[in-house]
Amino acid sequence: MFEILKRFFNFCDKENRDKFYAAIVLGVVNSFFMALRIAAIAVMVQGVIRAVMGTEAFSVKTIWLSLGIMVFSLTAAIITKKNVSMWQTEGGYRTCAQKRIQIAEHLRYVPMGYFNKNSLGQITSVTTNTMELMGDVATRAVMLVMQGLLDSALIIVMIFFFDWRIALVALAGFCAFQFVNVFMRLAVRGVSMEKTLADEAQIEKVLEHIQGIAEVKAYNLTGKRSKELNAVIDRAKKVCMKMELRCIPIAAIQSIVSKFSGVAIAMSSIYFYLNGTMPLEKCAVMLICSFMLFTALEAGGNYSALLRVIDIGVQKAQAILDIPTMDIDGKQKAVAKKGPLDISATDISFAYEKRKIIDGVSLQIPERSKIAIVGPSGGGKTTLCHLLSRFWDVDKGSVALGGVDVRDWSMDDLMANFSFVFQNVYLFHDTIANNIRFGQPDAPMKKVIAAAKKACCHDFISALPNGYDTVIGEAGASLSGGEKQRISIARAIMKDAPIIILDEATANVDPENERDLMAAVSELTKEKTVIMIAHRLKTVRDADQIVVIDNGKIAEQGKHKTLAKSGGIYARFIDSRKQAVSWKI
């Protein structure tokens, strides 16, 4: 148990860890004040018994002394308990909030391949369920478990001052309780991981169901998909029930042990009184103590079963934070941009899960030139663009920007040089204005509107009910494909990076939007280095160089006229496009 608590505290940031440590220290003080109740009870009981037995007159002073100790004890206990609770709550919730931010920041610098190998459900589960559990349950569990141990330990110490024999009986009950509590934690060890995995699967399936609802309806698979979703939810429910059912019998045994420990203290006190080795007033005090000793311990013991779940949550979150990142800072924080920002790839190779995607590619892209990358689907076009912009690191060879290896740039400085417009645009559940100023949160509205006009989207935005303050659905669900694409171009225009990467940005645009979209692309790419993946002949033929990628290699390279006459892959690409255009309705 203490090992789990230690891992939890180490997981916390220093500021929050210090709050927990301070709370523990203050918790000891709180337990001392709580234990003072025994002294207040002892003063009153001894005064009453001595008065009844005629050995000493009962005085008002005894009442005031007992009341004074009790009031002082409870007042100090309430004040310290308030601060203990505040510090532990702040430490727990702030830890979870900061870890969510740390995970988000960490994932910014994780190679893109990680997101292919790990499900969205797992990441989402860790940042939602796991962090929520740790913020809520962990804080309460740590607080109750620690306070239960401290309260019981100090009460036992207090009893030592009255009668060491009863203190030993109480200590034996305390040890017996902890022995049973070990089985509580062992009982949930296997189920804890099962619960975590069930939560991940549940979130993953819910996300998949929501994101793919259009396809589910289109193919009339609502019944089947609902059954799969219900099965995952039912499994999560069964795992939670399984954990509870495993805990209930042991929790009952814990309760029995604590109650019998109280009975043992009471019986021992009566026995010692009857054989004349304990005064009646001490016996009465010990009888009262037998009822209050294990109250806090029992409450904390029931929560100790959750420590294993918390421990797994810590390990899951730490596993994400331990994922190796690409070198974030580089060898130099900011690279001097004295020369041109040419891009060069020298004999680069890259494999994903032992499957080679890029194999020995060398490429020179002068500043402010326009390069088109074409080739069969799955040939490695997008991967090449990701390597050039360092979404991934190459396995072999090197990529340089401005004559400096991209691995020697700081990640933030490097990304400041690139803007991206992808085929599948993601817009956030926010206002259109905030989506456009995404890279510059403090940009004035005047600049936002200027970028929108250049991207040919000012007119349709102005026609919306709330204009630029219109809140769009997640992923831009309330806009058409062409509208989303132009907003993403406006976002790129706002960034004003010297290098633009267009990944099939115009592939799925309807004819009505094509003219505006092409005008927006033209505005975006003025005086820029442009790297485009394209399937449309009109966007390819004017490129300064065309690179044909096939099976991870450069199959052909040159200008449109030269490659069109070569009879190779590019020539076949042109023929296929001409045949497609010749079809008419």
# chains A, B, ... in the order shown; residues from 1 in each chain; ligands from 1

call {"tool": "residues_around", "arguments": {"residues": "Asp496 of chain A", "least_positions_apart": "3", "cutoff": "12 Å", "atoms": "only C-alpha atoms", "output": "number ranges by chain"}}
result
A: 415-420, 437, 439-440, 447, 451, 489-493, 499-500, 523-529

call {"tool": "select_by_dssp", "arguments": {"residues": "segment 245-475 of chain A", "states": "helix (DSSP H, G or I)", "output": "PyMOL selection string"}}
result
chain A and resi 245-274+280-292+295-321+381-388+406-408+411-415+432-436+445-454+458-462+467-469+474-475

call {"tool": "atom_distance", "arguments": {"atom1": "atom CA of Thr124 of chain A", "atom2": "atom CA of Asp412 of chain A"}}
result
24.9 Å

call {"tool": "closest_residue", "arguments": {"among": "A:Phe174, A:Phe422, A:Phe8, A:Tyr109", "to": "Ser410 of chain A", "atoms": "only C-alpha atoms"}}
result
A:Tyr109

call {"tool": "closest_residue", "arguments": {"among": "A:Val471, A:Leu245, A:Ala520, A:Ala571", "to": "Lys453 of chain A", "atoms": "only C-alpha atoms"}}
result
A:Ala520

call {"tool": "residues_around", "arguments": {"residues": "segment 155-160 of chain A", "least_positions_apart": "2", "cutoff": "8 Å", "atoms": "only C-alpha atoms", "output": "list in words"}}
result
Ser31, Phe32, Ala35, Ile38, Asp151, Ser152, Ala153, Phe162, Asp163, Trp164, Arg165, Ile166, Ala167, Ala170, Leu171, Met286 and Leu293 of chain A

call {"tool": "write_last_selection", "arguments": {"atoms": "N, CA, C and O atoms", "output": "mmCIF file, in the first residue's frame"}}
result
data_model
loop_
_atom_site.group_PDB
_atom_site.id
_atom_site.type_symbol
_atom_site.label_atom_id
_atom_site.label_comp_id
_atom_site.auth_asym_id
_atom_site.auth_seq_id
_atom_site.Cartn_x
_atom_site.Cartn_y
_atom_site.Cartn_z
ATOM 1 N N SER A 31 -5.046 14.373 13.853
ATOM 2 C CA SER A 31 -5.287 13.127 14.589
ATOM 3 C C SER A 31 -5.008 13.306 16.073
ATOM 4 O O SER A 31 -5.701 12.740 16.931
ATOM 5 N N PHE A 32 -3.985 14.109 16.379
ATOM 6 C CA PHE A 32 -3.681 14.387 17.792
ATOM 7 C C PHE A 32 -4.848 15.105 18.463
ATOM 8 O O PHE A 32 -5.253 14.758 19.576
ATOM 9 N N ALA A 35 -7.597 12.758 19.008
ATOM 10 C CA ALA A 35 -7.317 11.848 20.120
ATOM 11 C C ALA A 35 -7.504 12.525 21.470
ATOM 12 O O ALA A 35 -7.742 11.859 22.487
ATOM 13 N N ILE A 38 -10.315 11.726 23.972
ATOM 14 C CA ILE A 38 -10.197 10.693 25.017
ATOM 15 C C ILE A 38 -9.861 11.342 26.355
ATOM 16 O O ILE A 38 -10.414 10.970 27.407
ATOM 17 N N ASP A 151 -5.241 8.493 12.490
ATOM 18 C CA ASP A 151 -6.166 8.595 13.631
ATOM 19 C C ASP A 151 -6.041 7.379 14.540
ATOM 20 O O ASP A 151 -5.934 7.501 15.766
ATOM 21 N N SER A 152 -6.064 6.187 13.932
ATOM 22 C CA SER A 152 -6.004 4.950 14.728
ATOM 23 C C SER A 152 -4.671 4.838 15.451
ATOM 24 O O SER A 152 -4.617 4.458 16.631
ATOM 25 N N ALA A 153 -3.580 5.186 14.767
ATOM 26 C CA ALA A 153 -2.260 5.078 15.382
ATOM 27 C C ALA A 153 -2.131 6.011 16.579
ATOM 28 O O ALA A 153 -1.631 5.608 17.648
ATOM 29 N N PHE A 162 -2.843 5.447 29.247
ATOM 30 C CA PHE A 162 -3.829 4.990 30.237
ATOM 31 C C PHE A 162 -3.517 3.568 30.711
ATOM 32 O O PHE A 162 -3.512 3.294 31.905
ATOM 33 N N ASP A 163 -3.286 2.661 29.745
ATOM 34 C CA ASP A 163 -3.001 1.268 30.114
ATOM 35 C C ASP A 163 -2.310 0.584 28.946
ATOM 36 O O ASP A 163 -2.909 0.428 27.878
ATOM 37 N N TRP A 164 -1.073 0.162 29.140
ATOM 38 C CA TRP A 164 -0.301 -0.432 28.048
ATOM 39 C C TRP A 164 -0.887 -1.761 27.583
ATOM 40 O O TRP A 164 -0.742 -2.149 26.416
ATOM 41 N N ARG A 165 -1.571 -2.470 28.499
ATOM 42 C CA ARG A 165 -2.144 -3.767 28.109
ATOM 43 C C ARG A 165 -3.272 -3.585 27.092
ATOM 44 O O ARG A 165 -3.350 -4.319 26.098
ATOM 45 N N ILE A 166 -4.132 -2.602 27.330
ATOM 46 C CA ILE A 166 -5.225 -2.333 26.389
ATOM 47 C C ILE A 166 -4.654 -1.823 25.065
ATOM 48 O O ILE A 166 -5.167 -2.133 23.985
ATOM 49 N N ALA A 167 -3.562 -1.031 25.169
ATOM 50 C CA ALA A 167 -2.922 -0.529 23.946
ATOM 51 C C ALA A 167 -2.410 -1.695 23.095
ATOM 52 O O ALA A 167 -2.516 -1.663 21.864
ATOM 53 N N ALA A 170 -5.356 -3.215 21.364
ATOM 54 C CA ALA A 170 -5.749 -2.349 20.241
ATOM 55 C C ALA A 170 -4.769 -2.482 19.084
ATOM 56 O O ALA A 170 -5.170 -2.515 17.913
ATOM 57 N N LEU A 171 -3.488 -2.573 19.415
ATOM 58 C CA LEU A 171 -2.471 -2.721 18.368
ATOM 59 C C LEU A 171 -2.639 -4.052 17.631
ATOM 60 O O LEU A 171 -2.480 -4.116 16.405
ATOM 61 N N MET A 286 -11.836 3.211 28.671
ATOM 62 C CA MET A 286 -11.455 2.224 27.654
ATOM 63 C C MET A 286 -12.687 1.654 26.933
ATOM 64 O O MET A 286 -12.624 1.344 25.737
ATOM 65 N N LEU A 293 -12.356 3.722 18.329
ATOM 66 C CA LEU A 293 -10.996 3.478 17.842
ATOM 67 C C LEU A 293 -10.923 3.242 16.342
ATOM 68 O O LEU A 293 -10.157 3.879 15.623
#

call {"tool": "residues_around", "arguments": {"residues": "segment 234-242 of chain A", "least_positions_apart": "5", "cutoff": "8 Å", "atoms": "only C-alpha atoms", "output": "number ranges by chain"}}
result
A: 191, 194-195, 198-199, 202

call {"tool": "residues_around", "arguments": {"residues": "Val48 of chain A", "least_positions_apart": "6", "cutoff": "10 Å", "atoms": "only C-alpha atoms", "output": "list in words"}}
result
Ala42, Gly54, Glu56, Ala57, Phe58, Ser59, Thr62, Ile63 and Glu281 of chain A

call {"tool": "closest_residue", "arguments": {"among": "A:Phe177, A:Arg17, A:Arg308, A:Thr325", "to": "Arg108 of chain A", "atoms": "only C-alpha atoms"}}
result
A:Thr325

call {"tool": "atom_distance", "arguments": {"atom1": "atom CA of Val521 of chain A", "atom2": "atom CA of Gly481 of chain A"}}
result
15.0 Å

call {"tool": "residues_around", "arguments": {"residues": "Ala372 of chain A", "least_positions_apart": "5", "cutoff": "9 Å", "atoms": "only C-alpha atoms", "output": "list in words"}}
result
Val530, Ile531, Met532, Ile533, Ala534, Thr539, Val540, Arg541, Asp542, Ala543, Asp544, Gln545, Ile546, Val547 and Val548 of chain A

call {"tool": "residues_around", "arguments": {"residues": "Val169 of chain A", "least_positions_apart": "5", "cutoff": "8 Å", "atoms": "only C-alpha atoms", "output": "ChimeraX atom specification"}}
result
/A:261,264-265

call {"tool": "write_last_selection", "arguments": {"atoms": "N, CA, C and O atoms", "output": "JSON list (two decimals), in the first residue's frame"}}
result
[["chain", "number", "residue", "atom", "x", "y", "z"],
["A", 261, "SER", "N", -12.34, -6.33, 17.49],
["A", 261, "SER", "CA", -11.23, -5.66, 18.19],
["A", 261, "SER", "C", -11.78, -4.74, 19.26],
["A", 261, "SER", "O", -11.24, -4.68, 20.38],
["A", 264, "ALA", "N", -12.92, -6.93, 22.03],
["A", 264, "ALA", "CA", -11.76, -7.43, 22.78],
["A", 264, "ALA", "C", -11.23, -6.37, 23.75],
["A", 264, "ALA", "O", -10.86, -6.69, 24.90],
["A", 265, "ILE", "N", -11.20, -5.10, 23.29],
["A", 265, "ILE", "CA", -10.77, -4.01, 24.19],
["A", 265, "ILE", "C", -11.74, -3.88, 25.36],
["A", 265, "ILE", "O", -11.31, -3.74, 26.52]]

call {"tool": "atom_distance", "arguments": {"atom1": "atom CA of Leu197 of chain A", "atom2": "atom CA of Ser304 of chain A"}}
result
20.6 Å

call {"tool": "closest_residue", "arguments": {"among": "A:Val285, A:Asn551, A:Asp408, A:Leu144", "to": "Val84 of chain A", "atoms": "only C-alpha atoms"}}
result
A:Leu144

call {"tool": "closest_residue", "arguments": {"among": "A:Leu341, A:Met184, A:Val126, A:Met267", "to": "Glu244 of chain A", "atoms": "only C-alpha atoms"}}
result
A:Met184
